[in-house]
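Below you'll find the structure, written out as structure tokens, and then a few comments.
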Amino acid sequence: MVAMYNIAGRQVGSHVLAMATLGTTFLGAYISLSGGSKEDTKNPPINAKSKEEESFIK
């Protein structure tokens, strides 16, 4: 038998509340731990006089 609760005027089962709680918890953890977008690190411009010198620096 399932315990029923009145939420916003509707009967909601305890199993539904448990699934919603777990889903919200895991979704919140995933979003908070995923981090932001990674920006490309900009290197200073290479002032090489030839292609060979540029490839040597890289």
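Ordering of the structure tokens sets the chain letters (A, B, ...), residue numbers begin anew at 1 in every chain, and ligands are numbered from 1 in the order given.
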Residues flagged alpha helix (DSSP H) by DSSP in stretch 14-54 of chain A, as an MDAnalysis selection string: chainID A and resid 14:34 51:54
As a PDB file with N, CA and C atoms, in the first residue's frame, please: the residues near A:Ile57 (cut-off 12 Å, only C-alpha atoms, same-chain neighbours under 6 positions excluded).
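Contents of the output file out16.pdb:
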ATOM      1  N   PRO A  44      49.945  34.633 -27.311  1.00  0.00           N
ATOM      2  CA  PRO A  44      50.382  35.865 -27.959  1.00  0.00           C
ATOM      3  C   PRO A  44      50.757  35.583 -29.412  1.00  0.00           C
ATOM      4  N   PRO A  45      50.667  36.583 -30.263  1.00  0.00           N
ATOM      5  CA  PRO A  45      50.985  36.360 -31.682  1.00  0.00           C
ATOM      6  C   PRO A  45      52.465  36.005 -31.868  1.00  0.00           C
ATOM      7  N   ILE A  46      52.705  35.146 -32.839  1.00  0.00           N
ATOM      8  CA  ILE A  46      54.076  34.737 -33.138  1.00  0.00           C
ATOM      9  C   ILE A  46      54.593  35.639 -34.250  1.00  0.00           C
ATOM     10  N   ASN A  47      55.646  36.365 -33.971  1.00  0.00           N
ATOM     11  CA  ASN A  47      56.228  37.274 -34.957  1.00  0.00           C
ATOM     12  C   ASN A  47      57.424  36.597 -35.623  1.00  0.00           C
ATOM     13  N   ALA A  48      57.133  35.592 -36.420  1.00  0.00           N
ATOM     14  CA  ALA A  48      58.196  34.852 -37.096  1.00  0.00           C
ATOM     15  C   ALA A  48      58.446  35.470 -38.466  1.00  0.00           C
ATOM     16  N   LYS A  49      59.698  35.352 -38.907  1.00  0.00           N
ATOM     17  CA  LYS A  49      60.065  35.911 -40.211  1.00  0.00           C
ATOM     18  C   LYS A  49      59.881  34.900 -41.334  1.00  0.00           C
ATOM     19  N   SER A  50      59.775  33.611 -40.975  1.00  0.00           N
ATOM     20  CA  SER A  50      59.583  32.584 -42.000  1.00  0.00           C
ATOM     21  C   SER A  50      58.692  31.479 -41.429  1.00  0.00           C
ATOM     22  N   LYS A  51      58.200  30.639 -42.339  1.00  0.00           N
ATOM     23  CA  LYS A  51      57.348  29.509 -41.915  1.00  0.00           C
ATOM     24  C   LYS A  51      58.145  28.517 -41.082  1.00  0.00           C
TER      25      LYS A  51
END
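Between atom CA of A:Leu22 and atom CA of A:Asn6 there is a distance of 19.6 Å.
Neighbouring residues of A:Val16 at 12 Å or closer, counting only C-alpha atoms and skipping chain neighbours under 6 positions away, are Val2, Ala3, Met4, Tyr5, Ile7, Leu22 and Gly23 of chain A.
In the backbone-derived DSSP annotation, strand (DSSP E) within chain A comprises Met4, Tyr5, Asn6, Ile7, Arg10, Gln11, Val12 and Gly13 of chain A.
One distance worth recording is that between atom CA of A:Gly13 and atom CA of A:Ala29, which is 24.7 Å.
As for atom CA of A:Lys58 and atom CA of A:Glu39, they are spaced 20.1 Å apart.
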